[in-house]
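A.B. asks: Provided herewith is a single structure, encoded as structure tokens, for subsequent inquiry.
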Amino acid sequence: MQLAESTLPDRIIGASYSLAGIVAVAFVIAKLTKRSKLDAIPTVGSTTWLGSWWAGMTFVTNATDVIQEGYHKYKGAPFKVSKLYRWMVVVSGRQHLEELRKSPDDELSHSEVVNETLKVEYTLGHDVHHNRYHVPIIRSQLTRNLGVLYPEINDELVTAFEETLDLKGNGIHQCERGTEWKSVPALHAVQKVICRTSNRIFVGLPLCRNPDWVALNIQFTLDVAKGGIIIGLFPKFMASVVARFMTSVPGSTRRGVKHLGPIIEERKKCLEKYGPAWADKPNDLLSWLMDEAKGSEYQYSIESLTRRILTVNFAAIHTFTHALFNLAANPQYIQPLREEVVSIVGTEGWSTGALAKMRKIDSFLKESQRLEGMGCVGMSRKAMKDFTFSDGTVIPKGTLVVVAAAATHHDDEHYENADIFDPFRFSNMRDEDGDGVRHRFASTGPDPGRFFVANEFKSMVAHIVMWYDIKLEDDIRPQSLRIGTATVANPTAKVLFRKRAL
């Protein structure tokens with residue numbers, strides 16, 4: 001939806017971008033010529049204002065190499081790199097990681113980093129950022145209900161794969177091997193399956209299967225990311241106007257209301273008529289949000305609840321595509337994964353308990369995450385006040401601090417043959433060191449839905465190896481795209497699927 005073209009004349013848009021550019025340049029010069037409190041921390045690249053600005057420009061396309069250089073040069077010690085408008089401090093080593101992980105949100109905040117990156121106050125809304133009541137609901141009720149809801153999760157996953165792959169003549173209940181391979185756009189297929197499976201327990205049937213609802217939620221993740229970039233080009237005082245007229249987020253919300261509005265209205269009527277524990281009350285995220293929001297007229301509104309569901313979907317549509325590429329690129333590992341699934345499901349059935357015992361599949365996902373992950377940095381935080389590490393390093397208020405994740409993960413001192421994909425690396429570690437949490441795919445972290453994501457991803461791998469043969473189109477694993485600090489799975493690459501013989 002091109003709201004900008006239909007709402008503002010082109011010349012006004014052009015003038016606005018010009019103004020944003022002038023303000024940005026003035027801001028950069030003022031910011032980088034001012035003596036920094038970060039002077040005591042060594043720098044990768046130039047420290048002059050012009051050199052820092054140029055380093056920030058090159059960082060957009062070369063972030064991984066810049067951080068790798070700093071990691072080797074200052075190994076174990078913090079260093080800083082220049083982004084376009086500010087410095088970013090990079091740390092490594094177990095002590096720094098532990099102190100970063102244990103720091104409270106009012107000292108080093110993860111949510112404020114997300115807000116700065118995506119401009120959450122303007123893309124998802126002021127209330128979503130400042131009243132995050134959905135987070136404890138996801139952390140507690142969703143996690144607590146995973147076992148009860150798993151039959152629905154698995155049913156939707158199976159159906160979504162069957163309908164998305166659409167392997168003609170090779171239905172899920174047939175035992176014959178398919179004779180033809182089908183080329184499938186990997187990222188698109190993964191997004192559809194994850195969106196449908198997640199929404200089965202977010203909003204339930206039949207909406208989770210509605211093609212427009214699925215397309216809306218997939219597109220919404222892109223709208224928010226693009227909206228954050230566009231808003232970031234302008235001065236802060238213009239943010240609300242830019243968000244309203246130059247991003248697609250408001251239109252996406254209205255589109256979502258058309259789908260969710262009638263469902264919310266019907267549930268409100270049932271709550272009024274039968275009370276909070278009515279017999280057929282759906283056990284899903286929408287019901288939990290409505291229960292929590294009922295005391296607030298605004299939170300209980302259709303628009304507010306819709307925006308909240310879209311927000312949770314934005315967080316839920318993670319990329320599983322790296323793991324899918326690794327599976328297709330390494331067919332020699334499919335059989336041992338398949339044997340693990342057959343053995344465990346044969347005695348446990350399809351359940352969260354069964355998934356918990358699938359150590360090889362868990363390890364496969366964690367190893368895929370180790371080698372690719374979602375970027376070259378991790379554990380991003382913003383200092384809400386001056387913060388001092390135990391080694392005396394001071395992080396001034398307002399500074400971004402991150403961990404050199406990719407450099408650490410590719411370091412032979414931390415992982416044997418670190419550059420080699422070893423899918424059972426972490427299951428072997430669990431066998432040697434005991435069933436430690438740190439060797440599992442869903443380890444500690446700020447994501448409240450990580451246990452749901454882990455169960456969803458493990459189910460996807462298990463389902464694929466049980467029911468399909470899979471391979472790459474040309475036997476070469478698609479290269480990931482690196483944009484700034486982010487690592488993105490190749491969005492156009494395809495994978496070949498075929499129904500396997502049972």
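The way I read the labels, and the way they are meant: chains A, B, ... in the order of the structure tokens, residue 1 as the first residue of every chain, and ligand 1 as the first ligand shown, with later ones counted on from there.
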With 10 Å as the cut-off and only C-alpha atoms counted, what is the closest atom pair between each nearby residue of stretch 458-495 of chain A and stretch 345-366 of chain A? Distances in Å to one decimal, ordered by chain and number, as JSON lines.

C.D. replies:
{"residue": "A:Lys458", "atom": "CA", "partner": "A:Ile361", "partner_atom": "CA", "distance": 6.4}
{"residue": "A:Ser459", "atom": "CA", "partner": "A:Leu355", "partner_atom": "CA", "distance": 7.2}
{"residue": "A:Met460", "atom": "CA", "partner": "A:Ile361", "partner_atom": "CA", "distance": 9.9}
{"residue": "A:Val461", "atom": "CA", "partner": "A:Ile361", "partner_atom": "CA", "distance": 7.0}
{"residue": "A:Ala462", "atom": "CA", "partner": "A:Ile361", "partner_atom": "CA", "distance": 7.3}

A.B. asks: May I have all residues of stretch 102-337 of chain A that DSSP, computed from the backbone, assigns to helix (DSSP H, G or I), given as a PyMOL selection string?

C.D. replies: chain A and resi 102+110-118+120-123+126-130+134-144+146-165+186-202+207-209+211-232+236-245+249-274+285-293+302-316+321-329+331-337

A.B. asks: Give me, as JSON lines, each residue of stretch 195-309 of chain A that comes within 8 Å of stretch 146-160 of chain A, together with its shortest interatomic pair and the distance in Å at one decimal, counting only C-alpha atoms, with rows ordered by chain and rising residue number.

C.D. replies:
{"residue": "A:Arg196", "atom": "CA", "partner": "A:Ala160", "partner_atom": "CA", "distance": 6.7}
{"residue": "A:Thr197", "atom": "CA", "partner": "A:Glu156", "partner_atom": "CA", "distance": 5.3}
{"residue": "A:Ser198", "atom": "CA", "partner": "A:Ile153", "partner_atom": "CA", "distance": 7.5}
{"residue": "A:Arg200", "atom": "CA", "partner": "A:Ile153", "partner_atom": "CA", "distance": 6.6}
{"residue": "A:Ile201", "atom": "CA", "partner": "A:Ile153", "partner_atom": "CA", "distance": 7.2}

A.B. asks: Write out as a list in words each polymer residue whose atoms come within 12 Å of A:His110, counting only C-alpha atoms; drop sequence neighbours fewer than 6 positions from it.

C.D. replies: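 Listed by chain and then number, they are Leu100, Arg101, Lys102, Ser103, Pro104, Glu116, Thr117, His129, Gly378, Met379, Ser380, Arg381, Lys382, Ala383, Met384, Leu400, Val401, Val402, Gly445, Pro446 and Asp447 of chain A.
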
A.B. asks: Output C-alpha atoms of each residue in that selection to a file, as a PDB file, in the first residue's frame.

C.D. replies:
ATOM      1  CA  LEU A 100      25.560  -7.980  30.264  1.00  0.00           C
ATOM      2  CA  ARG A 101      23.093 -10.844  30.632  1.00  0.00           C
ATOM      3  CA  LYS A 102      22.494 -10.241  34.335  1.00  0.00           C
ATOM      4  CA  SER A 103      22.136  -6.451  34.114  1.00  0.00           C
ATOM      5  CA  PRO A 104      18.564  -5.225  34.806  1.00  0.00           C
ATOM      6  CA  GLU A 116      15.398   2.682  18.595  1.00  0.00           C
ATOM      7  CA  THR A 117      15.808   0.245  15.714  1.00  0.00           C
ATOM      8  CA  HIS A 129       6.240   0.098  23.846  1.00  0.00           C
ATOM      9  CA  GLY A 378      23.984 -10.250  19.850  1.00  0.00           C
ATOM     10  CA  MET A 379      22.606  -9.285  23.263  1.00  0.00           C
ATOM     11  CA  SER A 380      22.131  -5.668  22.138  1.00  0.00           C
ATOM     12  CA  ARG A 381      21.544  -3.240  24.993  1.00  0.00           C
ATOM     13  CA  LYS A 382      21.207   0.515  25.512  1.00  0.00           C
ATOM     14  CA  ALA A 383      22.703   2.051  28.652  1.00  0.00           C
ATOM     15  CA  MET A 384      19.892   3.790  30.534  1.00  0.00           C
ATOM     16  CA  LEU A 400      24.658   0.976  22.513  1.00  0.00           C
ATOM     17  CA  VAL A 401      26.595  -2.074  23.692  1.00  0.00           C
ATOM     18  CA  VAL A 402      26.597  -5.459  21.937  1.00  0.00           C
ATOM     19  CA  GLY A 445      17.621 -14.861  26.742  1.00  0.00           C
ATOM     20  CA  PRO A 446      15.255 -11.864  26.665  1.00  0.00           C
ATOM     21  CA  ASP A 447      12.759 -13.414  24.237  1.00  0.00           C
TER      22      ASP A 447
END

A.B. asks: Can you tell me, as an mmCIF file with C-alpha atoms, in the first residue's frame, what residues are no more than 10 Å from A:Lys226 when counting only C-alpha atoms, ignoring any on the same chain fewer than 3 positions away?

C.D. replies:
data_model
loop_
_atom_site.group_PDB
_atom_site.id
_atom_site.type_symbol
_atom_site.label_atom_id
_atom_site.label_comp_id
_atom_site.auth_asym_id
_atom_site.auth_seq_id
_atom_site.Cartn_x
_atom_site.Cartn_y
_atom_site.Cartn_z
ATOM 1 C CA LEU A 118 12.151 -0.150 14.805
ATOM 2 C CA THR A 123 5.279 1.927 14.173
ATOM 3 C CA PHE A 220 3.544 -6.457 8.569
ATOM 4 C CA THR A 221 7.008 -7.610 9.655
ATOM 5 C CA LEU A 222 8.456 -5.895 6.580
ATOM 6 C CA ASP A 223 6.264 -2.806 7.041
ATOM 7 C CA ILE A 229 14.158 3.008 8.677
ATOM 8 C CA ILE A 230 12.007 5.748 7.083
ATOM 9 C CA ILE A 231 11.163 7.387 10.416
ATOM 10 C CA GLY A 232 14.835 7.287 11.377
ATOM 11 C CA THR A 247 4.603 4.160 6.270
ATOM 12 C CA SER A 248 2.209 1.272 5.643
ATOM 13 C CA VAL A 249 1.692 0.396 9.312
#

A.B. asks: DSSP on the backbone, then: every residue of stretch 71-137 of chain A marked strand (DSSP E or B), written as number ranges by chain.

C.D. replies: A: 79-82, 87-91, 108-109

A.B. asks: Take the residues that were just selected and, keeping C-alpha atoms, output them as an mmCIF file, in the first residue's frame.

C.D. replies:
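See out39.cif below for the written result:
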data_model
loop_
_atom_site.group_PDB
_atom_site.id
_atom_site.type_symbol
_atom_site.label_atom_id
_atom_site.label_comp_id
_atom_site.auth_asym_id
_atom_site.auth_seq_id
_atom_site.Cartn_x
_atom_site.Cartn_y
_atom_site.Cartn_z
ATOM 1 C CA PHE A 79 36.213 -1.709 21.577
ATOM 2 C CA LYS A 80 33.992 0.681 19.690
ATOM 3 C CA VAL A 81 32.909 1.007 16.068
ATOM 4 C CA SER A 82 31.199 3.876 14.303
ATOM 5 C CA TRP A 87 29.329 4.876 18.410
ATOM 6 C CA MET A 88 28.607 1.271 19.356
ATOM 7 C CA VAL A 89 30.635 -0.571 21.988
ATOM 8 C CA VAL A 90 31.409 -4.233 21.287
ATOM 9 C CA VAL A 91 32.346 -6.666 24.062
ATOM 10 C CA LEU A 108 21.104 -1.943 30.156
ATOM 11 C CA SER A 109 17.860 -2.193 28.209
#

A.B. asks: Any idea what's packed within 12 Å of A:Leu285, counting only C-alpha atoms, ignoring anything in its chain fewer than 5 positions away? Could you give it as an MDAnalysis selection string?

C.D. replies: chainID A and resid 134:143 145:146 149 198:204 290:292 305:306 308:310 312:313

A.B. asks: Just N, CA, C and O atoms for this one: save the residues we selected as a compact mmCIF listing (two decimals), in the first residue's frame.

C.D. replies:
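Result file again.txt:
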# COMPACT_ATOMS: atom_id res chain seq x y z
N HIS A 134 1.61 -7.77 27.13
CA HIS A 134 1.59 -9.03 26.41
C HIS A 134 2.82 -9.89 26.74
O HIS A 134 2.77 -11.12 26.60
N VAL A 135 3.91 -9.25 27.20
CA VAL A 135 5.15 -10.00 27.45
C VAL A 135 4.99 -11.02 28.57
O VAL A 135 5.32 -12.21 28.39
N PRO A 136 4.50 -10.63 29.77
CA PRO A 136 4.32 -11.66 30.81
C PRO A 136 3.28 -12.71 30.44
O PRO A 136 3.36 -13.85 30.90
N ILE A 137 2.30 -12.34 29.60
CA ILE A 137 1.32 -13.33 29.16
C ILE A 137 1.99 -14.40 28.31
O ILE A 137 1.75 -15.60 28.48
N ILE A 138 2.87 -13.96 27.40
CA ILE A 138 3.60 -14.92 26.57
C ILE A 138 4.55 -15.75 27.41
O ILE A 138 4.64 -16.97 27.26
N ARG A 139 5.25 -15.08 28.33
CA ARG A 139 6.23 -15.77 29.16
C ARG A 139 5.58 -16.81 30.07
O ARG A 139 6.14 -17.88 30.29
N SER A 140 4.40 -16.50 30.59
CA SER A 140 3.79 -17.41 31.56
C SER A 140 2.69 -18.27 30.93
O SER A 140 2.84 -19.50 30.83
N GLN A 141 1.60 -17.65 30.47
CA GLN A 141 0.47 -18.44 30.00
C GLN A 141 0.77 -19.24 28.74
O GLN A 141 0.36 -20.40 28.62
N LEU A 142 1.45 -18.62 27.78
CA LEU A 142 1.76 -19.35 26.56
C LEU A 142 2.70 -20.51 26.85
O LEU A 142 2.46 -21.65 26.42
N THR A 143 3.75 -20.26 27.60
CA THR A 143 4.72 -21.32 27.92
C THR A 143 4.04 -22.42 28.74
O THR A 143 4.25 -23.61 28.49
N ASN A 145 0.96 -23.33 28.72
CA ASN A 145 -0.07 -24.05 27.96
C ASN A 145 0.48 -24.81 26.76
O ASN A 145 -0.30 -25.40 26.01
N LEU A 146 1.80 -24.79 26.56
CA LEU A 146 2.36 -25.44 25.38
C LEU A 146 1.98 -26.91 25.28
O LEU A 146 1.66 -27.42 24.20
N LEU A 149 -1.74 -27.23 24.34
CA LEU A 149 -2.02 -26.73 23.00
C LEU A 149 -1.25 -27.45 21.90
O LEU A 149 -1.54 -27.23 20.72
N SER A 198 1.67 -20.45 14.30
CA SER A 198 1.63 -19.53 15.43
C SER A 198 0.22 -19.00 15.65
O SER A 198 -0.26 -18.94 16.79
N ASN A 199 -0.45 -18.63 14.56
CA ASN A 199 -1.78 -18.04 14.71
C ASN A 199 -2.85 -19.04 15.09
O ASN A 199 -3.92 -18.64 15.53
N ARG A 200 -2.55 -20.32 14.98
CA ARG A 200 -3.50 -21.33 15.47
C ARG A 200 -3.72 -21.14 16.96
O ARG A 200 -4.84 -21.34 17.47
N ILE A 201 -2.66 -20.73 17.69
CA ILE A 201 -2.83 -20.51 19.13
C ILE A 201 -2.85 -19.02 19.49
O ILE A 201 -2.97 -18.68 20.65
N PHE A 202 -2.73 -18.15 18.49
CA PHE A 202 -2.91 -16.72 18.74
C PHE A 202 -4.37 -16.33 18.58
O PHE A 202 -4.93 -15.66 19.45
N VAL A 203 -4.98 -16.74 17.46
CA VAL A 203 -6.36 -16.34 17.17
C VAL A 203 -7.26 -17.52 16.83
O VAL A 203 -8.48 -17.36 16.73
N GLY A 204 -6.68 -18.71 16.60
CA GLY A 204 -7.48 -19.91 16.38
C GLY A 204 -7.99 -20.07 14.96
O GLY A 204 -7.72 -19.27 14.07
N MET A 290 -7.48 -10.34 26.07
CA MET A 290 -8.75 -9.72 26.41
C MET A 290 -9.01 -9.77 27.91
O MET A 290 -9.50 -8.81 28.51
N ASP A 291 -8.67 -10.89 28.54
CA ASP A 291 -8.83 -11.00 29.99
C ASP A 291 -8.00 -9.96 30.72
O ASP A 291 -8.46 -9.33 31.69
N GLU A 292 -6.77 -9.75 30.26
CA GLU A 292 -5.86 -8.81 30.90
C GLU A 292 -6.27 -7.37 30.63
O GLU A 292 -6.11 -6.49 31.49
N LEU A 305 -6.39 -4.20 20.58
CA LEU A 305 -6.16 -5.65 20.62
C LEU A 305 -5.60 -6.16 19.29
O LEU A 305 -4.73 -7.03 19.27
N THR A 306 -6.08 -5.60 18.18
CA THR A 306 -5.56 -5.98 16.87
C THR A 306 -4.09 -5.62 16.75
O THR A 306 -3.27 -6.42 16.29
N ARG A 308 -1.99 -5.31 19.09
CA ARG A 308 -1.22 -6.17 19.99
C ARG A 308 -0.98 -7.54 19.34
O ARG A 308 0.12 -8.09 19.42
N ILE A 309 -2.00 -8.10 18.70
CA ILE A 309 -1.84 -9.38 18.01
C ILE A 309 -0.85 -9.26 16.86
O ILE A 309 0.01 -10.14 16.65
N LEU A 310 -0.93 -8.19 16.09
CA LEU A 310 0.02 -7.96 15.01
C LEU A 310 1.45 -7.85 15.55
O LEU A 310 2.40 -8.33 14.95
N VAL A 312 2.68 -9.25 18.31
CA VAL A 312 3.16 -10.58 18.70
C VAL A 312 3.52 -11.40 17.47
O VAL A 312 4.50 -12.14 17.46
N ASN A 313 2.75 -11.25 16.41
CA ASN A 313 3.08 -11.92 15.15
C ASN A 313 4.41 -11.44 14.60
O ASN A 313 5.20 -12.22 14.08

A.B. asks: For stretch 60-73 of chain A, work out the shell of residues within 8 Å, counting only C-alpha atoms and skipping chain neighbours fewer than 2 positions away, then give it as a list in words.

C.D. replies: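 Residues meeting the cut-off are Val44, Gly56, Met57, Thr58, Lys75, Gly76, Phe79, Val81, Lys83, Val90, Ser92, Cys376, Ala404, Ala406, Ala407, Arg482, Ile483, Gly484 and Thr485 of chain A.
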
A.B. asks: Next, dump the selected residues to file, keeping only N, CA and C atoms, as a short mmCIF file (atom, residue, chain, number, x, y, z; two decimals), in the first residue's frame.

C.D. replies:
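The resulting file, part_23.cif, is shown below:
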data_model
loop_
_atom_site.label_atom_id
_atom_site.label_comp_id
_atom_site.auth_asym_id
_atom_site.auth_seq_id
_atom_site.Cartn_x
_atom_site.Cartn_y
_atom_site.Cartn_z
N VAL A 44 37.95 0.80 16.37
CA VAL A 44 38.27 0.17 15.09
C VAL A 44 37.87 1.17 14.02
N GLY A 56 31.16 4.78 9.40
CA GLY A 56 29.75 4.41 9.61
C GLY A 56 29.07 4.03 8.32
N MET A 57 29.42 4.71 7.23
CA MET A 57 28.85 4.38 5.93
C MET A 57 29.29 2.98 5.49
N THR A 58 30.58 2.68 5.63
CA THR A 58 31.08 1.38 5.20
C THR A 58 30.61 0.26 6.14
N LYS A 75 41.02 -8.70 21.60
CA LYS A 75 40.32 -9.88 22.08
C LYS A 75 40.14 -9.88 23.59
N GLY A 76 38.89 -10.01 24.00
CA GLY A 76 38.56 -10.01 25.42
C GLY A 76 38.33 -8.64 26.00
N PHE A 79 35.78 -2.68 22.58
CA PHE A 79 36.21 -1.71 21.58
C PHE A 79 34.96 -1.06 21.00
N VAL A 81 32.97 0.82 17.51
CA VAL A 81 32.91 1.01 16.07
C VAL A 81 31.91 2.13 15.79
N LYS A 83 28.83 3.72 13.90
CA LYS A 83 27.66 3.57 13.04
C LYS A 83 27.40 4.94 12.42
N VAL A 90 31.48 -2.79 21.51
CA VAL A 90 31.41 -4.23 21.29
C VAL A 90 32.24 -4.93 22.36
N SER A 92 33.29 -8.87 24.35
CA SER A 92 33.39 -10.33 24.17
C SER A 92 33.96 -10.90 25.46
N CYS A 376 25.74 -10.47 13.17
CA CYS A 376 27.11 -10.63 13.67
C CYS A 376 27.26 -10.14 15.10
N ALA A 404 30.13 -9.47 20.41
CA ALA A 404 30.66 -9.91 19.12
C ALA A 404 30.28 -11.38 18.91
N ALA A 406 29.11 -13.36 16.19
CA ALA A 406 29.64 -14.17 15.09
C ALA A 406 31.13 -14.45 15.27
N ALA A 407 31.88 -13.44 15.69
CA ALA A 407 33.32 -13.64 15.89
C ALA A 407 33.58 -14.68 16.96
N ARG A 482 24.13 -10.00 4.13
CA ARG A 482 24.56 -9.29 5.33
C ARG A 482 24.32 -7.80 5.12
N ILE A 483 23.41 -7.26 5.92
CA ILE A 483 23.03 -5.85 5.84
C ILE A 483 23.25 -5.22 7.20
N GLY A 484 24.28 -4.37 7.31
CA GLY A 484 24.64 -3.87 8.62
C GLY A 484 25.08 -5.03 9.49
N THR A 485 24.53 -5.12 10.69
CA THR A 485 24.86 -6.23 11.58
C THR A 485 23.94 -7.43 11.39
#

A.B. asks: Write out as a list in words the residues lying within 10 Å of A:Pro491, counting only C-alpha atoms and excluding same-chain residues fewer than 3 positions away.

C.D. replies: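 Selected residues are Pro185, Ala186, Leu187, His188, Thr321, Pro478, Ser480, Leu481, Val488 and Lys494 of chain A.
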
A.B. asks: If you keep N, CA, C and O atoms, can you produce a file of those selected residues as a tab-separated table (two decimals), in the first residue's frame?

C.D. replies:
chain	number	residue	atom	x	y	z
A	185	PRO	N	10.01	-21.97	-3.13
A	185	PRO	CA	10.70	-20.79	-2.56
A	185	PRO	C	10.80	-20.95	-1.04
A	185	PRO	O	9.79	-20.95	-0.35
A	186	ALA	N	12.01	-21.12	-0.53
A	186	ALA	CA	12.21	-21.52	0.85
A	186	ALA	C	11.67	-20.51	1.86
A	186	ALA	O	10.90	-20.86	2.76
A	187	LEU	N	12.06	-19.26	1.74
A	187	LEU	CA	11.66	-18.26	2.72
A	187	LEU	C	10.15	-18.07	2.75
A	187	LEU	O	9.54	-18.02	3.82
A	188	HIS	N	9.54	-18.01	1.58
A	188	HIS	CA	8.08	-17.82	1.51
A	188	HIS	C	7.34	-18.98	2.16
A	188	HIS	O	6.38	-18.78	2.91
A	321	THR	N	14.70	-20.39	7.98
A	321	THR	CA	15.23	-20.71	6.66
A	321	THR	C	16.68	-21.17	6.68
A	321	THR	O	17.09	-22.03	5.88
A	478	PRO	N	22.69	-21.71	-0.46
A	478	PRO	CA	22.51	-20.29	-0.77
A	478	PRO	C	23.24	-19.39	0.23
A	478	PRO	O	23.19	-19.63	1.44
A	480	SER	N	23.96	-16.29	2.57
A	480	SER	CA	23.15	-15.34	3.33
A	480	SER	C	23.51	-13.91	2.93
A	480	SER	O	24.61	-13.64	2.44
A	481	LEU	N	22.56	-13.00	3.12
A	481	LEU	CA	22.80	-11.59	2.87
A	481	LEU	C	23.17	-10.91	4.18
A	481	LEU	O	22.58	-11.20	5.23
A	488	VAL	N	20.66	-12.20	6.88
A	488	VAL	CA	19.35	-12.53	6.34
A	488	VAL	C	19.48	-13.72	5.40
A	488	VAL	O	20.35	-13.73	4.52
A	494	LYS	N	15.57	-21.41	-3.65
A	494	LYS	CA	14.55	-22.46	-3.62
A	494	LYS	C	15.14	-23.78	-3.14
A	494	LYS	O	16.34	-24.02	-3.24
